[in-house]
There are 2 protein chains.
Amino acid sequence: MHFDPSQLAALSAILRHGSFEAAARDLNVTPSAVSQRLKALENRMGTPLVIRDTPCRPTPAGQRLARHAQDLSLLEAQVAKDLGMTSAPARVRVAINADSLATWFIPSLAGSELLFELEVDDQDHSADWLHQGAVAAAVTARETPVRGCACHALGALRYIPTASPAFMARWFSAGVTRETLSRAPVLTFNAKDQLQVSWIRQTTGHALRPPTHVLPSTQAFVDAALAGLGWGMNPQVLVEAHLQNGDLVPLIDGAKLDTPLFWQVARHVSEPLRPLTASVRRRARAALVQPDQH
Amino acid sequence: MHFDPSQLAALSAILRHGSFEAAARDLNVTPSAVSQRLKALENRMGTPLVIRDTPCRPTPAGQRLARHAQDLSLLEAQVAKDLGMTSAPARVRVAINADSLATWFIPSLAGSELLFELEVDDQDHSADWLHQGAVAAAVTARETPVRGCACHALGALRYIPTASPAFMARWFSAGVTRETLSRAPVLTFNAKDQLQVSWIRQTTGHALRPPTHVLPSTQAFVDAALAGLGWGMNPQVLVEAHLQNGDLVPLIDGAKLDTPLFWQVARHVSEPLRPLTASVRRRARAALVQPDQH
DNA sequence: CATCCTGAGTAAGTTTTTCTAATGCATTTC
DNA sequence: GAAATGCATTAGAAAAACTTACTCAGGATG
């Protein structure tokens with residue numbers, strides 16, 4: 001039972017680009033060829049692999065095969081490297097939380113020979129992506145290794161509860177208390193974002209439900225704080241300058257929340273991803289808060 | 001850069017069977033097809049892959065590609081399994097020391113869906129096979145993990161220095177001493193076999209060089225001891241019955257040498273080999289000497 | 001409501017690939 | 001030194017994969 005590489009490439013391209021036509025352009029063939037390749041593959045597998053929609057989405061079997069296609073191209077890239085050949089760069093899917101992406105992660109990708117497809121999701125959920133095999137590696141908040149994955153501690157991303165001075169004057173003139181915190185508008189990244197309520201609970205000991213803005217963009221999150229729309233937990237590195245020049249102030253002096261992060265790599269591709277893993281760890285050591293070394 | 005699966009299969013079959021003709025029979029094609037497939041692959045790689053000899057042997061590049069072919073078929077088998085398909089069984093190469101093969105190992109292979117190609121080598125050298133990627137897993141004496149491999153302790157194989165009663169009467173009537181040990185003929189499995197001299201050094205504190213028979217066969221080794229040809233370190237399980245009925249006796253009562261063994265699996269195929277790993281460990285727990293649990 | 005546009009699927013014909021069959025040419029074997 | 005073995009090569013046949021051209025469905029447009 002062999003899987004035809006060009007058929008797998010077609011499946012990959014369709015899912016990556018969302019349509020048969022775009023996939024055909026990417027593969028330098030006619031859309032008809034792509035259609036025939038996928039049909040042949042679906043016939044062989046005896047089940048549909050792609051849900052024809054805009055954009056196209058994989059069925060469970062399609063997802064599994066797409067993963068195989070990715071694994072295969074990583075393995076082939078490793079062979080090519082071992083034999084000193086040049087080859088088309090392999091693609092690798094990586095799950096990453098938005099704040100890591102906005103702050104420290106990108107530079108660790110530079111210099112790699114791979115092509116990246118980043119999936120942005122909450123750090124608490126990226127482990128699921130890994131577990132399903134939808135990505136080959138992930139930055140995750142989960143410390144226990146996902147089955148079949150190697151886990152590397154990266155350090156912690158430090159968040160600081162921040163707001164504009166005007167916002168502070170309006171909502172917290174009476175101090176940061178249980179009462180003021182439950183009335184002042186809070187910024188939330190999305191429905192999964194628990195950082196603000198975590199910090200409130202950690203600080204006040206109560207689970208409050210303040211009025212909430214939802215802004216699923218790291219940059220918008222900072223801008224909203226600057227504009228006095230609300231307060232929110234912002235990555236220290238993103239607001240450092242604003243804190244220096246007084247455009248933003250911490251809700252409480254010295255207040256912070258550290259979120260430990262981990263790099264998990266599917267072990268069956270750990271060898272081809274070894275340089276990436278090294279690069280990510282190096283970058284994290286420089287950019288994240290490291291636990292005290294005793 | 002795709003590798004054609006049928007070309008890889010040809011390479012695999014050639015190396016497995018040692019000739020193009022046998023490979024052709026195995027693949028149900030004409031020898032010409034095999035020749036053309038390999039030629040196409042060699043052209044693509046820009047280097048010879050097979051040394052045409054009897055039997056055919058791989059060049060370094062050929063070895064690396066053959067490994068890729070094996071990895072690929074394991075990955076494909078895993079995909080097929082995940083999708084509930086039937087598929088041709090994948091082949092897996094395993095390095096194993098002769099005494100493990102003769103005593104406890106075989107039953108752990110039963111019930112697997114894989115096809116095995118065992119490479120018999122000394123337990124101290126099987127790690128090299130792994131490191132070069134020539135095998136996907138190995139029973140080895142090496143405790144430190146080979147790069148890219150997961151290591152599982154299996155317990156120890158217990159050896160007992162044994163000889164026939166007649167041999168004892170002839171050579172050790174004066175007791176087992178430095179003098180008698182340096183004169184009595186010793187059995188050796190092969191040039192790599194250090195068990196006998198290890199035990200002598202462990203027992204007497206001296207590195208002696210007694211006259212040596214070389215018998216590279218586990219069964220012949222026991223037979224030679226029974227025949228009074230020499231004494232040798234025999235796996236306890238192989239000589240238990242002979243010790244019971246007096247055909248063999250230990251050189252020194254209660255003397256033994258435990259050789260700890262480890263199961264090392266290349267991590268990139270650890271998932272498809274998971275059932276095998278479980279089976280080997282289960283069997284080893286039952287058949288090998290386990291370290292005291294405190 | 002008819003029309004246009006986009007994107008997937010299908011059919012037919014052509015190109016490319018890959019096989020078999022036949023043959024050649026070494027090397028080994030008796 | 002004839003027969004046998006085994007790989008390489010070639011030509012032609014068979015199979016596979018592609019392109020072109022067309023059809024069909026669904027959504028946007030006038």
# chains A, B, ... in the order shown; residues from 1 in each chain; ligands from 1
$ residues_around --residues "DC25 of chain C" --least-positions-apart "4" --cutoff "12 Å" --atoms "only C-alpha atoms (C1' of nucleotides)" --output "compact mmCIF listing (two decimals) with C-alpha atoms (C1' of nucleotides), in the first residue's frame"
# COMPACT_ATOMS: atom_id res chain seq x y z
C1' DG D 6 22.69 -12.10 -13.43
C1' DC D 7 22.71 -7.12 -14.77
C1' DA D 8 22.21 -3.70 -18.67
C1' DT D 9 20.07 -2.06 -22.78
$ closest_atom_pairs --of "chain C" --to "chain A" --cutoff "12 Å" --atoms "only C-alpha atoms (C1' of nucleotides)" --output "JSON lines"
{"residue": "C:DT6", "atom": "C1'", "partner": "A:Glu21", "partner_atom": "CA", "distance": 10.2}
{"residue": "C:DG7", "atom": "C1'", "partner": "A:Glu21", "partner_atom": "CA", "distance": 7.3}
{"residue": "C:DA8", "atom": "C1'", "partner": "A:Ser35", "partner_atom": "CA", "distance": 7.6}
{"residue": "C:DG9", "atom": "C1'", "partner": "A:Ser35", "partner_atom": "CA", "distance": 7.5}
{"residue": "C:DT10", "atom": "C1'", "partner": "A:Ser32", "partner_atom": "CA", "distance": 9.2}
{"residue": "C:DA11", "atom": "C1'", "partner": "A:Ser32", "partner_atom": "CA", "distance": 11.6}
$ interface_residues --of "chain B" --to "chain A" --cutoff "6 Å" --atoms "only C-alpha atoms" --output "PyMOL selection string"
chain B and resi 1+87+267-268
$ residues_around --residues "DT18 of chain C" --least-positions-apart "3" --cutoff "9 Å" --atoms "only C-alpha atoms (C1' of nucleotides)" --output "ChimeraX atom specification"
/B:33,36-37 /D:14-16
$ select_by_dssp --residues "segment 53-293 of chain B" --states "strand (DSSP E)" --output "PyMOL selection string"
chain B and resi 57-58+91-96+115-120+137-140+149-163+186-188+212-214+232-235+249-250+257-266
$ closest_atom_pairs --of "chain D" --to "chain A" --cutoff "10 Å" --atoms "only C-alpha atoms (C1' of nucleotides)" --output "tab-separated table"
residue	atom	partner	partner_atom	distance
D:DA17	C1'	A:Ala33	CA	8.0
D:DC18	C1'	A:Ala33	CA	6.5
D:DT19	C1'	A:Thr30	CA	7.3
D:DT20	C1'	A:Ser32	CA	9.8
$ closest_residue --among "B:Ala169, B:Leu115, B:Leu251, B:Pro55" --to "Ala22 of chain B" --atoms "only C-alpha atoms"
B:Pro55
$ residues_around --residues "Trp129 of chain B" --least-positions-apart "6" --cutoff "10 Å" --atoms "only C-alpha atoms (C1' of nucleotides)" --output "number ranges by chain"
B: 93-95, 119, 121, 135-138
$ residues_around --residues "Ala163 of chain A" --least-positions-apart "2" --cutoff "8 Å" --atoms "only C-alpha atoms (C1' of nucleotides)" --output "list in words"
Pro161, Pro165, Phe167, Met168, Ala225, Leu226, Gly228, Gly230, Trp231, Gly232, Leu248, Val249, Pro250 and Leu251 of chain A
$ residues_around --residues "Ala207 of chain A" --least-positions-apart "4" --cutoff "12 Å" --atoms "only C-alpha atoms (C1' of nucleotides)" --output "list in words"
Arg178, Glu179, Leu181, Ser182, Gln194, Gln196, Val197, Ser198, Trp199, Ile200, Arg201, Gln202 and Thr203 of chain A
$ decode --residues "segment 1-27 of chain C" --atoms "N, CA, C and O atoms (P, O5', C5', C4', C3', O3' and C1' of nucleotides)" --output "PDB file, in the first residue's frame"
ATOM      1  P    DC C   1     -38.930  33.940 -11.694  1.00  0.00           P
ATOM      2  O5'  DC C   1     -38.503  35.407 -12.200  1.00  0.00           O
ATOM      3  C5'  DC C   1     -38.985  35.868 -13.438  1.00  0.00           C
ATOM      4  C4'  DC C   1     -37.820  36.135 -14.381  1.00  0.00           C
ATOM      5  C3'  DC C   1     -36.996  34.873 -14.705  1.00  0.00           C
ATOM      6  O3'  DC C   1     -36.756  34.845 -16.113  1.00  0.00           O
ATOM      7  C1'  DC C   1     -35.561  36.580 -13.895  1.00  0.00           C
ATOM      8  P    DA C   2     -36.282  33.451 -16.830  1.00  0.00           P
ATOM      9  O5'  DA C   2     -35.028  33.995 -17.632  1.00  0.00           O
ATOM     10  C5'  DA C   2     -35.178  35.132 -18.465  1.00  0.00           C
ATOM     11  C4'  DA C   2     -33.852  35.843 -18.575  1.00  0.00           C
ATOM     12  C3'  DA C   2     -32.721  34.968 -19.127  1.00  0.00           C
ATOM     13  O3'  DA C   2     -32.022  35.708 -20.112  1.00  0.00           O
ATOM     14  C1'  DA C   2     -32.073  35.899 -17.044  1.00  0.00           C
ATOM     15  P    DT C   3     -30.782  35.073 -20.913  1.00  0.00           P
ATOM     16  O5'  DT C   3     -29.536  35.606 -20.098  1.00  0.00           O
ATOM     17  C5'  DT C   3     -29.413  37.012 -19.831  1.00  0.00           C
ATOM     18  C4'  DT C   3     -28.124  37.258 -19.076  1.00  0.00           C
ATOM     19  C3'  DT C   3     -26.930  36.431 -19.578  1.00  0.00           C
ATOM     20  O3'  DT C   3     -25.835  37.301 -19.754  1.00  0.00           O
ATOM     21  C1'  DT C   3     -27.140  36.229 -17.245  1.00  0.00           C
ATOM     22  P    DC C   4     -24.589  36.891 -20.614  1.00  0.00           P
ATOM     23  O5'  DC C   4     -23.455  37.029 -19.502  1.00  0.00           O
ATOM     24  C5'  DC C   4     -23.430  38.190 -18.655  1.00  0.00           C
ATOM     25  C4'  DC C   4     -22.639  37.880 -17.405  1.00  0.00           C
ATOM     26  C3'  DC C   4     -21.316  37.150 -17.675  1.00  0.00           C
ATOM     27  O3'  DC C   4     -20.285  37.881 -17.057  1.00  0.00           O
ATOM     28  C1'  DC C   4     -22.549  36.064 -15.956  1.00  0.00           C
ATOM     29  P    DC C   5     -18.785  37.587 -17.394  1.00  0.00           P
ATOM     30  O5'  DC C   5     -18.371  36.927 -16.013  1.00  0.00           O
ATOM     31  C5'  DC C   5     -18.848  37.492 -14.784  1.00  0.00           C
ATOM     32  C4'  DC C   5     -18.427  36.606 -13.638  1.00  0.00           C
ATOM     33  C3'  DC C   5     -17.122  35.845 -13.906  1.00  0.00           C
ATOM     34  O3'  DC C   5     -16.288  35.963 -12.777  1.00  0.00           O
ATOM     35  C1'  DC C   5     -18.847  34.343 -13.267  1.00  0.00           C
ATOM     36  P    DT C   6     -14.761  35.519 -12.863  1.00  0.00           P
ATOM     37  O5'  DT C   6     -14.697  34.423 -11.723  1.00  0.00           O
ATOM     38  C5'  DT C   6     -15.484  34.586 -10.535  1.00  0.00           C
ATOM     39  C4'  DT C   6     -15.645  33.238  -9.862  1.00  0.00           C
ATOM     40  C3'  DT C   6     -14.406  32.338  -9.964  1.00  0.00           C
ATOM     41  O3'  DT C   6     -14.062  31.872  -8.675  1.00  0.00           O
ATOM     42  C1'  DT C   6     -16.350  31.157 -10.634  1.00  0.00           C
ATOM     43  P    DG C   7     -12.601  31.209  -8.435  1.00  0.00           P
ATOM     44  O5'  DG C   7     -12.997  29.693  -8.231  1.00  0.00           O
ATOM     45  C5'  DG C   7     -14.013  29.353  -7.292  1.00  0.00           C
ATOM     46  C4'  DG C   7     -14.443  27.936  -7.534  1.00  0.00           C
ATOM     47  C3'  DG C   7     -13.270  26.970  -7.800  1.00  0.00           C
ATOM     48  O3'  DG C   7     -13.479  25.777  -7.093  1.00  0.00           O
ATOM     49  C1'  DG C   7     -14.840  26.804  -9.515  1.00  0.00           C
ATOM     50  P    DA C   8     -12.344  24.709  -6.993  1.00  0.00           P
ATOM     51  O5'  DA C   8     -13.149  23.404  -7.388  1.00  0.00           O
ATOM     52  C5'  DA C   8     -14.257  23.018  -6.574  1.00  0.00           C
ATOM     53  C4'  DA C   8     -15.092  22.008  -7.325  1.00  0.00           C
ATOM     54  C3'  DA C   8     -14.353  20.714  -7.692  1.00  0.00           C
ATOM     55  O3'  DA C   8     -15.126  19.599  -7.292  1.00  0.00           O
ATOM     56  C1'  DA C   8     -15.346  21.699  -9.621  1.00  0.00           C
ATOM     57  P    DG C   9     -14.583  18.135  -7.526  1.00  0.00           P
ATOM     58  O5'  DG C   9     -15.276  17.687  -8.892  1.00  0.00           O
ATOM     59  C5'  DG C   9     -16.694  17.608  -8.929  1.00  0.00           C
ATOM     60  C4'  DG C   9     -17.133  17.133 -10.301  1.00  0.00           C
ATOM     61  C3'  DG C   9     -16.457  15.836 -10.764  1.00  0.00           C
ATOM     62  O3'  DG C   9     -17.451  14.986 -11.314  1.00  0.00           O
ATOM     63  C1'  DG C   9     -16.142  17.537 -12.374  1.00  0.00           C
ATOM     64  P    DT C  10     -17.112  13.494 -11.739  1.00  0.00           P
ATOM     65  O5'  DT C  10     -17.017  13.603 -13.322  1.00  0.00           O
ATOM     66  C5'  DT C  10     -18.125  14.149 -14.036  1.00  0.00           C
ATOM     67  C4'  DT C  10     -17.805  14.174 -15.520  1.00  0.00           C
ATOM     68  C3'  DT C  10     -17.127  12.908 -16.049  1.00  0.00           C
ATOM     69  O3'  DT C  10     -17.860  12.477 -17.177  1.00  0.00           O
ATOM     70  C1'  DT C  10     -15.946  14.845 -16.741  1.00  0.00           C
ATOM     71  P    DA C  11     -17.627  11.014 -17.803  1.00  0.00           P
ATOM     72  O5'  DA C  11     -17.045  11.414 -19.225  1.00  0.00           O
ATOM     73  C5'  DA C  11     -17.590  12.562 -19.888  1.00  0.00           C
ATOM     74  C4'  DA C  11     -16.913  12.716 -21.233  1.00  0.00           C
ATOM     75  C3'  DA C  11     -16.283  11.438 -21.786  1.00  0.00           C
ATOM     76  O3'  DA C  11     -16.517  11.398 -23.190  1.00  0.00           O
ATOM     77  C1'  DA C  11     -14.602  13.089 -21.445  1.00  0.00           C
ATOM     78  P    DA C  12     -15.902  10.249 -24.095  1.00  0.00           P
ATOM     79  O5'  DA C  12     -14.697  11.015 -24.809  1.00  0.00           O
ATOM     80  C5'  DA C  12     -14.920  12.329 -25.334  1.00  0.00           C
ATOM     81  C4'  DA C  12     -13.653  12.821 -26.006  1.00  0.00           C
ATOM     82  C3'  DA C  12     -12.875  11.736 -26.746  1.00  0.00           C
ATOM     83  O3'  DA C  12     -12.346  12.294 -27.935  1.00  0.00           O
ATOM     84  C1'  DA C  12     -11.498  12.699 -25.076  1.00  0.00           C
ATOM     85  P    DG C  13     -11.529  11.360 -28.954  1.00  0.00           P
ATOM     86  O5'  DG C  13     -10.078  11.988 -28.835  1.00  0.00           O
ATOM     87  C5'  DG C  13      -9.900  13.408 -28.975  1.00  0.00           C
ATOM     88  C4'  DG C  13      -8.494  13.768 -28.568  1.00  0.00           C
ATOM     89  C3'  DG C  13      -7.409  12.885 -29.202  1.00  0.00           C
ATOM     90  O3'  DG C  13      -6.344  13.720 -29.615  1.00  0.00           O
ATOM     91  C1'  DG C  13      -7.168  12.880 -26.864  1.00  0.00           C
ATOM     92  P    DT C  14      -5.108  13.107 -30.439  1.00  0.00           P
ATOM     93  O5'  DT C  14      -3.872  13.616 -29.582  1.00  0.00           O
ATOM     94  C5'  DT C  14      -3.952  14.868 -28.889  1.00  0.00           C
ATOM     95  C4'  DT C  14      -2.835  14.929 -27.867  1.00  0.00           C
ATOM     96  C3'  DT C  14      -1.520  14.280 -28.305  1.00  0.00           C
ATOM     97  O3'  DT C  14      -0.452  15.127 -27.945  1.00  0.00           O
ATOM     98  C1'  DT C  14      -2.214  13.368 -26.245  1.00  0.00           C
ATOM     99  P    DT C  15       1.029  14.823 -28.503  1.00  0.00           P
ATOM    100  O5'  DT C  15       1.864  14.786 -27.146  1.00  0.00           O
ATOM    101  C5'  DT C  15       1.566  15.714 -26.105  1.00  0.00           C
ATOM    102  C4'  DT C  15       2.069  15.156 -24.789  1.00  0.00           C
ATOM    103  C3'  DT C  15       3.502  14.611 -24.838  1.00  0.00           C
ATOM    104  O3'  DT C  15       4.230  15.227 -23.803  1.00  0.00           O
ATOM    105  C1'  DT C  15       2.034  13.024 -23.844  1.00  0.00           C
ATOM    106  P    DT C  16       5.795  15.011 -23.645  1.00  0.00           P
ATOM    107  O5'  DT C  16       5.821  13.979 -22.438  1.00  0.00           O
ATOM    108  C5'  DT C  16       4.980  14.236 -21.310  1.00  0.00           C
ATOM    109  C4'  DT C  16       5.038  13.062 -20.359  1.00  0.00           C
ATOM    110  C3'  DT C  16       6.434  12.453 -20.200  1.00  0.00           C
ATOM    111  O3'  DT C  16       6.761  12.473 -18.826  1.00  0.00           O
ATOM    112  C1'  DT C  16       4.795  10.769 -20.602  1.00  0.00           C
ATOM    113  P    DT C  17       8.144  11.893 -18.306  1.00  0.00           P
ATOM    114  O5'  DT C  17       7.655  10.484 -17.754  1.00  0.00           O
ATOM    115  C5'  DT C  17       6.472  10.443 -16.974  1.00  0.00           C
ATOM    116  C4'  DT C  17       6.101   8.999 -16.676  1.00  0.00           C
ATOM    117  C3'  DT C  17       7.267   8.123 -16.225  1.00  0.00           C
ATOM    118  O3'  DT C  17       6.907   7.554 -14.980  1.00  0.00           O
ATOM    119  C1'  DT C  17       6.036   7.061 -17.944  1.00  0.00           C
ATOM    120  P    DT C  18       7.887   6.644 -14.138  1.00  0.00           P
ATOM    121  O5'  DT C  18       7.499   5.178 -14.598  1.00  0.00           O
ATOM    122  C5'  DT C  18       6.138   4.762 -14.534  1.00  0.00           C
ATOM    123  C4'  DT C  18       6.026   3.368 -15.102  1.00  0.00           C
ATOM    124  C3'  DT C  18       7.230   2.470 -14.767  1.00  0.00           C
ATOM    125  O3'  DT C  18       6.751   1.209 -14.355  1.00  0.00           O
ATOM    126  C1'  DT C  18       6.835   2.447 -17.068  1.00  0.00           C
ATOM    127  P    DC C  19       7.657   0.117 -13.625  1.00  0.00           P
ATOM    128  O5'  DC C  19       7.427  -1.186 -14.524  1.00  0.00           O
ATOM    129  C5'  DC C  19       6.152  -1.792 -14.496  1.00  0.00           C
ATOM    130  C4'  DC C  19       5.808  -2.315 -15.872  1.00  0.00           C
ATOM    131  C3'  DC C  19       6.602  -3.543 -16.292  1.00  0.00           C
ATOM    132  O3'  DC C  19       5.918  -4.713 -15.898  1.00  0.00           O
ATOM    133  C1'  DC C  19       6.374  -1.947 -18.093  1.00  0.00           C
ATOM    134  P    DT C  20       6.717  -6.097 -15.897  1.00  0.00           P
ATOM    135  O5'  DT C  20       6.724  -6.562 -17.413  1.00  0.00           O
ATOM    136  C5'  DT C  20       5.494  -6.716 -18.104  1.00  0.00           C
ATOM    137  C4'  DT C  20       5.753  -7.068 -19.562  1.00  0.00           C
ATOM    138  C3'  DT C  20       6.571  -8.346 -19.770  1.00  0.00           C
ATOM    139  O3'  DT C  20       5.952  -9.112 -20.796  1.00  0.00           O
ATOM    140  C1'  DT C  20       7.621  -6.516 -20.879  1.00  0.00           C
ATOM    141  P    DA C  21       6.395 -10.640 -21.017  1.00  0.00           P
ATOM    142  O5'  DA C  21       7.257 -10.560 -22.357  1.00  0.00           O
ATOM    143  C5'  DA C  21       6.836  -9.684 -23.404  1.00  0.00           C
ATOM    144  C4'  DA C  21       7.914  -9.626 -24.455  1.00  0.00           C
ATOM    145  C3'  DA C  21       8.774 -10.888 -24.582  1.00  0.00           C
ATOM    146  O3'  DA C  21       8.996 -11.165 -25.956  1.00  0.00           O
ATOM    147  C1'  DA C  21      10.161  -9.024 -24.159  1.00  0.00           C
ATOM    148  P    DA C  22       9.731 -12.506 -26.405  1.00  0.00           P
ATOM    149  O5'  DA C  22      11.101 -11.942 -27.018  1.00  0.00           O
ATOM    150  C5'  DA C  22      11.065 -10.762 -27.832  1.00  0.00           C
ATOM    151  C4'  DA C  22      12.466 -10.243 -28.028  1.00  0.00           C
ATOM    152  C3'  DA C  22      13.515 -11.352 -28.184  1.00  0.00           C
ATOM    153  O3'  DA C  22      14.346 -11.049 -29.294  1.00  0.00           O
ATOM    154  C1'  DA C  22      14.182  -9.815 -26.520  1.00  0.00           C
ATOM    155  P    DT C  23      15.482 -12.090 -29.758  1.00  0.00           P
ATOM    156  O5'  DT C  23      16.789 -11.340 -29.273  1.00  0.00           O
ATOM    157  C5'  DT C  23      16.961  -9.946 -29.565  1.00  0.00           C
ATOM    158  C4'  DT C  23      18.165  -9.424 -28.817  1.00  0.00           C
ATOM    159  C3'  DT C  23      19.386 -10.352 -28.841  1.00  0.00           C
ATOM    160  O3'  DT C  23      20.455  -9.692 -29.491  1.00  0.00           O
ATOM    161  C1'  DT C  23      18.998  -9.464 -26.682  1.00  0.00           C
ATOM    162  P    DG C  24      21.870 -10.413 -29.661  1.00  0.00           P
ATOM    163  O5'  DG C  24      22.761  -9.590 -28.634  1.00  0.00           O
ATOM    164  C5'  DG C  24      22.657  -8.175 -28.562  1.00  0.00           C
ATOM    165  C4'  DG C  24      23.536  -7.649 -27.444  1.00  0.00           C
ATOM    166  C3'  DG C  24      24.906  -8.331 -27.362  1.00  0.00           C
ATOM    167  O3'  DG C  24      25.891  -7.346 -27.100  1.00  0.00           O
ATOM    168  C1'  DG C  24      23.769  -8.551 -25.298  1.00  0.00           C
ATOM    169  P    DC C  25      27.428  -7.733 -27.292  1.00  0.00           P
ATOM    170  O5'  DC C  25      27.969  -7.776 -25.793  1.00  0.00           O
ATOM    171  C5'  DC C  25      27.616  -6.740 -24.865  1.00  0.00           C
ATOM    172  C4'  DC C  25      27.991  -7.179 -23.461  1.00  0.00           C
ATOM    173  C3'  DC C  25      29.286  -8.002 -23.378  1.00  0.00           C
ATOM    174  O3'  DC C  25      30.069  -7.552 -22.299  1.00  0.00           O
ATOM    175  C1'  DC C  25      27.560  -9.116 -22.289  1.00  0.00           C
ATOM    176  P    DA C  26      31.689  -7.581 -22.403  1.00  0.00           P
ATOM    177  O5'  DA C  26      32.186  -7.193 -20.930  1.00  0.00           O
ATOM    178  C5'  DA C  26      32.773  -8.208 -20.137  1.00  0.00           C
ATOM    179  C4'  DA C  26      31.817  -8.578 -19.018  1.00  0.00           C
ATOM    180  C3'  DA C  26      32.373  -9.590 -18.039  1.00  0.00           C
ATOM    181  O3'  DA C  26      32.935  -8.898 -16.933  1.00  0.00           O
ATOM    182  C1'  DA C  26      30.063 -10.029 -18.586  1.00  0.00           C
ATOM    183  P    DT C  27      34.187  -9.515 -16.193  1.00  0.00           P
ATOM    184  O5'  DT C  27      33.534 -10.619 -15.249  1.00  0.00           O
ATOM    185  C5'  DT C  27      32.407 -10.275 -14.429  1.00  0.00           C
ATOM    186  C4'  DT C  27      31.838 -11.548 -13.843  1.00  0.00           C
ATOM    187  C3'  DT C  27      32.915 -12.552 -13.378  1.00  0.00           C
ATOM    188  O3'  DT C  27      32.664 -12.901 -12.030  1.00  0.00           O
ATOM    189  C1'  DT C  27      31.276 -13.611 -14.715  1.00  0.00           C
TER     190       DT C  27
END
